[in-house]
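So this block is protein.cif, mmCIF, C-alpha atoms:
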data_data
#
loop_
_atom_site.label_atom_id
_atom_site.label_comp_id
_atom_site.auth_asym_id
_atom_site.auth_seq_id
_atom_site.Cartn_x
_atom_site.Cartn_y
_atom_site.Cartn_z
CA MET U 1 105.16 114.87 122.46
CA THR U 2 103.85 114.19 125.96
CA ASP U 3 101.02 111.81 126.83
CA THR U 4 98.85 114.83 127.60
CA ASP U 5 99.48 116.20 124.10
CA LYS U 6 98.66 112.83 122.56
CA VAL U 7 95.33 112.63 124.34
CA LEU U 8 94.27 115.78 122.51
CA LYS U 9 94.51 113.92 119.21
CA CYS U 10 94.19 110.25 120.12
CA GLN U 11 92.53 108.14 122.76
CA PHE U 12 93.80 105.21 124.75
CA LEU U 13 92.13 102.23 123.12
CA VAL U 14 92.32 100.38 126.40
CA SER U 15 94.96 100.16 129.08
CA ILE U 16 97.04 97.13 128.18
CA GLN U 17 97.87 96.84 131.86
CA SER U 18 94.25 95.92 132.57
CA VAL U 19 94.16 93.14 130.01
CA THR U 20 94.30 89.67 131.55
CA ARG U 21 96.93 87.43 130.05
CA THR U 22 95.71 84.20 128.49
CA THR U 23 98.15 82.37 130.74
CA GLY U 24 96.67 84.01 133.83
CA GLY U 25 97.52 87.14 135.76
CA THR U 26 98.20 90.61 134.47
CA VAL U 27 100.99 91.77 132.21
CA GLY U 28 102.67 93.88 134.87
CA THR U 29 103.63 97.53 134.90
CA SER U 30 106.36 97.80 132.23
CA LEU U 31 104.07 98.19 129.25
CA PRO U 32 103.93 99.90 125.87
CA ARG U 33 101.38 102.68 125.38
CA PHE U 34 98.60 102.03 122.91
CA TRP U 35 96.81 104.82 121.08
CA ASN U 36 93.72 104.75 118.89
CA CYS U 37 93.96 107.60 116.42
CA ALA U 38 91.26 106.24 114.11
CA ASN U 39 88.12 106.40 116.26
CA VAL U 40 87.23 108.03 119.56
CA VAL U 41 85.01 105.04 120.33
CA PRO U 42 86.90 101.90 119.32
CA THR U 43 85.36 99.47 116.88
CA ALA U 44 85.07 95.82 117.85
CA GLU U 45 88.10 95.01 115.69
CA GLU U 46 90.18 97.80 117.23
CA ALA U 47 89.34 96.65 120.74
CA LEU U 48 90.80 93.22 119.99
CA VAL U 49 94.26 94.60 119.21
CA PRO U 50 95.41 95.45 122.76
CA GLN U 51 94.09 92.11 123.94
CA ALA U 52 96.41 90.42 121.46
CA ILE U 53 99.27 92.65 122.59
CA GLY U 54 98.54 91.92 126.24
CA ALA U 55 98.79 88.20 125.52
CA LEU U 56 102.38 88.53 124.33
CA PRO U 57 105.10 87.15 126.60
CA ALA U 58 106.12 89.50 129.40
CA ALA U 59 109.68 89.63 128.05
CA PHE U 60 108.44 91.18 124.81
CA LEU U 61 106.29 93.71 126.62
CA SER U 62 109.23 94.67 128.80
CA THR U 63 111.34 95.33 125.71
CA LEU U 64 108.51 97.51 124.37
CA GLN U 65 107.91 99.38 127.62
CA ASN U 66 109.05 102.72 126.18
CA ALA U 67 107.34 102.23 122.83
CA SER U 68 104.05 103.70 121.64
CA LEU U 69 101.78 101.62 119.41
CA TYR U 70 99.19 103.27 117.18
CA ILE U 71 96.18 102.63 114.98
CA PHE U 72 95.47 105.27 112.34
CA ALA U 73 92.69 105.36 109.79
CA ASP U 74 95.26 105.85 107.03
CA VAL U 75 98.72 107.16 106.22
CA ALA U 76 97.44 110.74 105.99
CA GLY U 77 96.35 110.60 109.63
CA TYR U 78 99.79 109.35 110.62
CA ASN U 79 101.55 112.10 108.70
CA ASN U 80 99.30 114.78 110.19
CA TYR U 81 99.78 113.45 113.71
CA PHE U 82 103.55 113.20 113.65
CA SER U 83 104.08 116.51 111.89
CA ALA U 84 103.72 118.03 115.35
CA THR U 85 106.80 116.13 116.56
CA GLY U 86 109.05 117.64 113.93
CA THR U 87 109.75 114.24 112.41
CA PRO U 88 111.62 114.67 109.12
CA PHE U 89 109.74 112.05 107.13
CA ALA U 90 106.27 111.60 105.68
CA LEU U 91 104.99 108.20 104.62
CA PRO U 92 103.70 107.59 101.09
CA PRO U 93 100.12 106.33 100.64
CA GLY U 94 99.22 102.66 100.33
CA LEU U 95 101.01 101.26 103.39
CA LEU U 96 99.53 98.93 106.00
CA GLY U 97 102.03 99.80 108.71
CA SER U 98 105.23 101.57 109.67
CA THR U 99 107.96 101.06 112.24
CA PRO U 100 110.59 103.75 111.67
CA ASN U 101 114.25 103.14 112.27
CA SER U 102 114.67 106.55 113.86
CA PHE U 103 114.35 108.48 117.10
CA LEU U 104 110.64 107.60 117.25
CA ASP U 105 110.11 104.48 119.37
CA ILE U 106 106.80 103.62 117.72
CA ALA U 107 104.93 101.13 115.59
CA ALA U 108 101.80 102.04 113.67
CA ILE U 109 99.19 100.30 111.54
CA PHE U 110 96.61 101.70 109.15
CA GLU U 111 93.03 100.58 108.61
CA THR U 112 92.76 101.57 104.96
CA THR U 113 95.15 101.93 102.05
CA GLY U 114 92.77 103.31 99.44
CA SER U 115 92.54 99.92 97.71
CA GLY U 116 89.01 99.17 98.92
CA VAL U 117 90.18 96.10 100.85
CA ASN U 118 88.73 95.71 104.35
CA TYR U 119 91.71 95.30 106.65
CA LEU U 120 89.81 95.70 109.92
CA PRO U 121 89.61 91.95 110.68
CA TYR U 122 93.38 91.74 110.26
CA LEU U 123 94.51 94.61 112.49
CA ARG U 124 95.94 92.15 115.02
CA GLY U 125 98.07 90.38 112.42
CA ASN U 126 99.29 93.66 110.96
CA MET U 127 100.16 94.95 114.43
CA MET U 128 102.11 91.78 115.20
CA HIS U 129 104.17 92.33 112.07
CA GLU U 130 105.00 95.90 113.14
CA ILE U 131 105.64 94.88 116.76
CA ALA U 132 108.18 92.39 115.43
CA HIS U 133 110.02 95.22 113.68
CA ARG U 134 109.88 97.27 116.89
CA LEU U 135 111.22 94.37 118.96
CA ASP U 136 113.94 93.81 116.39
CA LEU U 137 115.02 97.45 116.64
CA ASP U 138 114.63 97.72 120.42
CA THR U 139 116.49 94.52 121.31
CA ILE U 140 119.78 96.36 121.15
CA SER U 141 121.69 94.84 124.06
CA ALA U 142 122.27 91.57 122.21
CA GLY U 143 122.11 92.94 118.66
CA LEU U 144 119.23 92.79 116.21
CA PRO U 145 117.54 89.38 116.35
CA SER U 146 117.12 89.50 112.57
CA SER U 147 120.92 89.69 112.30
CA ALA U 148 121.59 86.74 114.58
CA PRO U 149 123.44 83.86 112.88
CA ALA U 150 120.70 81.38 113.86
CA PHE U 151 118.02 83.49 112.24
CA ILE U 152 120.09 84.15 109.12
CA ASN U 153 120.55 80.38 108.79
CA ALA U 154 116.77 79.95 108.99
CA ALA U 155 116.23 82.70 106.42
CA ASN U 156 118.78 81.15 104.06
CA ALA U 157 117.16 77.74 104.45
CA THR U 158 113.76 79.26 103.72
CA GLN U 159 114.96 80.96 100.57
CA SER U 160 116.56 77.70 99.44
CA ALA U 161 113.42 75.64 100.14
CA MET U 162 111.18 78.09 98.27
CA THR U 163 113.61 78.22 95.34
CA GLY U 164 113.89 74.44 95.15
CA THR U 165 115.06 73.16 91.79
CA TRP U 166 113.77 76.05 89.70
CA PRO U 167 113.68 76.44 86.79
CA ALA U 168 114.20 72.82 85.75
CA PRO U 169 112.24 71.18 87.15
CA ALA U 170 109.92 73.90 88.45
CA SER U 171 109.59 72.60 91.98
CA PRO U 172 108.09 73.55 94.38
CA SER U 173 105.10 74.79 92.46
CA CYS U 174 103.31 78.03 93.15
CA GLN U 175 100.27 76.12 94.39
CA GLN U 176 102.35 74.06 96.82
CA VAL U 177 103.61 77.21 98.52
CA PHE U 178 100.76 79.72 98.19
CA GLY U 179 97.72 77.44 97.94
CA ALA U 180 95.69 75.90 95.14
CA THR U 181 93.49 78.97 94.62
CA SER U 182 96.12 81.66 95.16
CA PRO U 183 95.84 84.58 92.72
CA LEU U 184 99.63 84.54 92.59
CA CYS U 185 99.37 81.28 90.64
CA ASN U 186 97.00 82.50 87.93
CA PRO U 187 98.47 82.78 85.37
CA VAL U 188 101.10 80.15 86.07
CA PRO U 189 104.24 82.05 87.06
CA VAL U 190 107.57 81.67 85.32
CA ILE U 191 109.61 82.42 88.44
CA SER U 192 110.20 80.45 91.63
CA PRO U 193 107.93 80.80 94.67
CA TRP U 194 110.80 82.51 96.47
CA ASN U 195 111.08 85.15 93.77
CA GLN U 196 107.32 85.63 93.88
CA TYR U 197 107.35 86.00 97.66
CA SER U 198 110.28 88.39 97.53
CA ASN U 199 108.73 90.50 94.79
CA VAL U 200 105.26 90.74 96.37
CA PHE U 201 105.82 90.65 100.12
CA ILE U 202 109.39 91.90 100.64
CA ALA U 203 109.36 94.32 97.72
CA GLY U 204 112.92 95.57 97.92
CA GLN U 205 113.07 95.80 101.72
CA ASP U 206 115.65 94.06 103.89
CA ARG U 207 115.11 90.31 103.50
CA ASN U 208 116.08 89.29 107.02
CA LYS U 209 114.09 92.02 108.75
CA GLU U 210 110.94 91.25 106.75
CA LEU U 211 111.22 87.49 107.21
CA PHE U 212 111.75 88.05 110.93
CA ALA U 213 108.55 90.12 111.13
CA ASP U 214 106.67 87.57 109.01
CA ALA U 215 107.83 84.70 111.22
CA PHE U 216 106.87 86.59 114.40
CA GLN U 217 103.40 87.41 113.06
CA ASN U 218 102.86 83.79 112.03
CA CYS U 219 104.07 82.53 115.41
CA SER U 220 101.62 84.89 117.16
CA ASN U 221 98.69 83.05 115.51
CA GLN U 222 97.27 86.31 114.16
CA GLU U 223 96.62 86.14 110.42
CA LEU U 224 96.92 88.64 107.59
CA GLN U 225 94.50 89.63 104.85
CA SER U 226 96.61 87.85 102.23
CA VAL U 227 95.62 84.19 102.16
CA SER U 228 98.56 83.53 99.85
CA LYS U 229 101.02 84.88 102.42
CA ASN U 230 99.32 83.04 105.29
CA ASN U 231 99.52 79.80 103.30
CA ALA U 232 103.19 80.33 102.55
CA LEU U 233 104.03 81.10 106.18
CA GLN U 234 102.22 77.97 107.32
CA SER U 235 103.73 75.72 104.65
CA ILE U 236 106.57 73.26 105.02
CA TYR U 237 108.71 75.65 102.98
CA LYS U 238 108.72 78.14 105.88
CA LYS U 239 109.32 75.49 108.53
CA ASP U 240 112.79 76.78 109.36
CA LEU U 241 111.44 80.22 110.29
CA TRP U 242 108.77 78.70 112.52
CA THR U 243 111.33 76.43 114.18
CA TYR U 244 113.59 79.39 114.93
CA MET U 245 110.74 81.34 116.53
CA ASN U 246 109.43 78.32 118.40
CA THR U 247 112.75 77.19 119.84
CA SER U 248 115.00 80.26 119.90
CA PHE U 249 112.98 83.45 120.24
CA TRP U 250 109.42 83.06 121.55
CA PRO U 251 109.37 82.28 125.30
CA GLY U 252 107.52 79.01 125.82
CA GLY U 253 107.18 78.38 122.10
CA CYS U 254 104.87 79.69 119.39
CA PRO U 255 101.15 80.07 120.18
CA ARG U 256 100.54 78.71 116.68
CA GLN U 257 101.88 75.19 116.69
CA GLU U 258 102.68 73.23 113.55
#

Can I see the file as structure tokens?
Amino acid sequence: MTDTDKVLKCQFLVSIQSVTRTTGGTVGTSLPRFWNCANVVPTAEEALVPQAIGALPAAFLSTLQNASLYIFADVAGYNNYFSATGTPFALPPGLLGSTPNSFLDIAAIFETTGSGVNYLPYLRGNMMHEIAHRLDLDTISAGLPSSAPAFINAANATQSAMTGTWPAPASPSCQQVFGATSPLCNPVPVISPWNQYSNVFIAGQDRNKELFADAFQNCSNQELQSVSKNNALQSIYKKDLWTYMNTSFWPGGCPRQE
């Protein structure tokens, strides 16, 4: 599908090239395309997304230069849009984002899932999660970052820290990882915080790829709707993931410092 075809269905939210980087200067000319397929006139929350993208390190934007990034109102809009490309898959309802491992060099987020939750304030965090998947897939010259030995070591250390000494004694506690008021801790769980995190936030997907995307989103300083997940990502039990991003992957170190 050409850019001209896309314009018939979606609008440029804003040219990322015109966004001024927080570190000064512009982001250059090798840039991903950004499409708003939810609203012809962007909402205030939608308009913040390309600003967050434009603030990413130039090396990331260069890797994404052939990618297209999208906002859709929901999964149905995504499925309708990409049916014109002959793509062989259709997403199920209830998702917040999608980055296909296929011939489509895209990442997409959705504003609603049908749950009634308002995700608009968290579009930037959701997009950072999907951008991480896109970067992981598009960084092919050196292999997938999520498969790098250094990252796997960090992921293993994270799983070990969140498992702790469960079940006897049950440490760390749910509240220590997810926060004192986390709904994940009421009623008191009978499984380790790692098993809770895996069940709720990884949900059968590839552990390393999801932890990589989680660590990238956390490093970007853009939060998610789930306070429990934000708390976990910013806890000492996820320190190894943050350290990997801060010292090994994110140029100049994480915007969100510990």

Item to check | Residues selected by the PyMOL selection byres ((chain U and resi 179) around 10), written as an MDAnalysis selection string | outcome: chainID U and resid 173:178 180:185 227:232 235

Next on the checklist: Could you tell me how far CA of Tyr122 in chain U sits from CA of Tyr197 in chain U, in Å to one decimal place?
Outcome noted: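 Between CA of Tyr197 in chain U and CA of Tyr122 in chain U the gap works out to 19.7 Å.
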
Next on the checklist: What would the selection look like, as a list in words, if the PyMOL selection byres ((chain U and resi 145) around 10) were run on the coordinates I just shared?
Outcome noted: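 On this input, the PyMOL selection byres ((chain U and resi 145) around 10) captures Ala132, His133, Leu135, Asp136, Leu137, Asp138, Thr139, Ile140, Ala142, Gly143, Leu144, Ser146, Ser147, Ala148, Pro149, Ala150, Phe151, Ile152, Asn208, Lys209, Phe212 and Phe249 of chain U.
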
Checklist entry - Quick one, how far is CA of Ala157 in chain U from CA of Pro172 in chain U? => result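 Interatomic distance, CA of Ala157 in chain U to CA of Pro172 in chain U: 14.2 Å.
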
Around range 158-166 of chain U, fit a box with edges along x, y and z, padding it by 6 Å on each side, then list its centre and edge lengths in Å to one decimal as lines of an AutoDock Vina configuration file.
center_x = 113.9
center_y = 77.1
center_z = 96.7
size_x = 17.4
size_y = 19.8
size_z = 26.0

Next on the checklist: Taking only C-alpha atoms into account, name the residue in U:Pro167, U:Thr43, U:Ser68, U:Phe34 that is nearest to Leu104 in chain U.
Outcome noted: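 Nearest to Leu104 in chain U: U:Ser68.
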
Next on the checklist: Need the shell around Thr158 in chain U: protein/DNA/RNA residues with any atom at most 10 Å away, counting only C-alpha atoms. Skip same-chain ones fewer than 5 positions apart. Format as a PyMOL selection string?
Outcome noted: chain U and resi 152-153+163-164+194+211+236-241

Restricted to C-alpha atoms, what would the selected residues look like written as an mmCIF file, in the coordinates of the input?
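Dumped everything to again23.cif:
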data_model
loop_
_atom_site.group_PDB
_atom_site.id
_atom_site.type_symbol
_atom_site.label_atom_id
_atom_site.label_comp_id
_atom_site.auth_asym_id
_atom_site.auth_seq_id
_atom_site.Cartn_x
_atom_site.Cartn_y
_atom_site.Cartn_z
ATOM 1 C CA ILE U 152 120.090 84.150 109.120
ATOM 2 C CA ASN U 153 120.550 80.380 108.790
ATOM 3 C CA THR U 163 113.610 78.220 95.340
ATOM 4 C CA GLY U 164 113.890 74.440 95.150
ATOM 5 C CA TRP U 194 110.800 82.510 96.470
ATOM 6 C CA LEU U 211 111.220 87.490 107.210
ATOM 7 C CA ILE U 236 106.570 73.260 105.020
ATOM 8 C CA TYR U 237 108.710 75.650 102.980
ATOM 9 C CA LYS U 238 108.720 78.140 105.880
ATOM 10 C CA LYS U 239 109.320 75.490 108.530
ATOM 11 C CA ASP U 240 112.790 76.780 109.360
ATOM 12 C CA LEU U 241 111.440 80.220 110.290
#

Next on the checklist: Just to confirm, what's the straight-line distance from CA of Ser171 in chain U to CA of Gln196 in chain U in Å (one decimal)?
Outcome noted: 13.4 Å

Item to check | For Gln65 in chain U, the nearest of the candidates U:Ile109, U:Leu95, U:Ala203, U:Ile131, counting all atoms listed in the file | outcome: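 Under the stated criterion, the closest residue is U:Ile131.
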
Checklist entry - If the PyMOL selection byres ((chain U and resi 72) around 8) is run on the structure shown, which residues does it catch, given as a PyMOL selection string? => result chain U and resi 36-38+70-71+73-75+77-78+108-111

Next on the checklist: With only C-alpha atoms as the counted atoms, please give the residues lying no more than 7 Å from range 220-226 of chain U, apart from itself and same-chain residues fewer than 6 positions off, as an NGL selection string.
Outcome noted: :U and (119 or 122 or 124-126 or 254-256)

Checklist entry - Which of these, U:Thr247, U:Ser160, U:Gln234, U:Asn66, has the shortest distance to Asp105 in chain U once you count all atoms listed in the file? => result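 Closest to Asp105 in chain U, using all atoms listed in the file: U:Asn66.
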
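Compared by their closest atoms to Pro57 in chain U, and using all atoms listed in the file, the residues U:Glu130, U:Leu91, U:Trp250, U:Gln257 rank with U:Trp250 nearest.
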
Could you pull range 32-51 of chain U out of the block above and give me N, CA and C atoms, as a CSV table (one decimal), in the first residue's frame?
chain,number,residue,atom,x,y,z
U,32,PRO,N,10.6,7.0,10.8
U,32,PRO,CA,9.4,6.2,10.5
U,32,PRO,C,8.2,7.1,10.1
U,33,ARG,N,7.3,6.5,9.5
U,33,ARG,CA,6.0,7.2,9.1
U,33,ARG,C,5.0,6.9,10.3
U,34,PHE,N,4.3,8.0,10.6
U,34,PHE,CA,3.3,7.8,11.7
U,34,PHE,C,1.9,8.2,11.1
U,35,TRP,N,0.9,7.3,11.4
U,35,TRP,CA,-0.4,7.5,10.8
U,35,TRP,C,-1.4,7.4,11.9
U,36,ASN,N,-2.4,8.4,11.9
U,36,ASN,CA,-3.5,8.4,12.8
U,36,ASN,C,-4.7,7.9,12.0
U,37,CYS,N,-5.1,6.7,12.4
U,37,CYS,CA,-6.3,6.1,11.8
U,37,CYS,C,-7.5,6.1,12.7
U,38,ALA,N,-7.4,6.8,13.8
U,38,ALA,CA,-8.5,6.9,14.7
U,38,ALA,C,-9.3,8.2,14.6
U,39,ASN,N,-8.7,9.3,14.3
U,39,ASN,CA,-9.3,10.6,14.2
U,39,ASN,C,-8.7,11.4,13.1
U,40,VAL,N,-9.5,12.1,12.3
U,40,VAL,CA,-9.0,13.0,11.3
U,40,VAL,C,-8.3,14.2,12.0
U,41,VAL,N,-8.9,14.7,13.0
U,41,VAL,CA,-8.3,15.8,13.8
U,41,VAL,C,-7.7,15.1,15.1
U,42,PRO,N,-6.5,15.1,15.3
U,42,PRO,CA,-5.9,14.4,16.4
U,42,PRO,C,-6.4,14.9,17.8
U,43,THR,N,-6.6,14.0,18.7
U,43,THR,CA,-6.9,14.5,20.1
U,43,THR,C,-5.6,14.9,20.7
U,44,ALA,N,-5.7,15.6,21.9
U,44,ALA,CA,-4.5,16.1,22.6
U,44,ALA,C,-3.6,14.9,22.9
U,45,GLU,N,-4.2,13.8,23.3
U,45,GLU,CA,-3.4,12.6,23.7
U,45,GLU,C,-2.7,12.0,22.5
U,46,GLU,N,-3.4,12.0,21.3
U,46,GLU,CA,-2.8,11.4,20.1
U,46,GLU,C,-1.6,12.3,19.7
U,47,ALA,N,-1.7,13.6,19.8
U,47,ALA,CA,-0.7,14.5,19.3
U,47,ALA,C,0.6,14.4,20.1
U,48,LEU,N,0.5,13.8,21.4
U,48,LEU,CA,1.7,13.7,22.2
U,48,LEU,C,2.5,12.5,21.7
U,49,VAL,N,1.9,11.5,21.0
U,49,VAL,CA,2.6,10.3,20.7
U,49,VAL,C,3.8,10.6,19.8
U,50,PRO,N,3.7,11.3,18.6
U,50,PRO,CA,4.9,11.5,17.8
U,50,PRO,C,5.9,12.4,18.5
U,51,GLN,N,5.5,13.2,19.4
U,51,GLN,CA,6.5,13.9,20.2
U,51,GLN,C,7.4,13.0,21.0
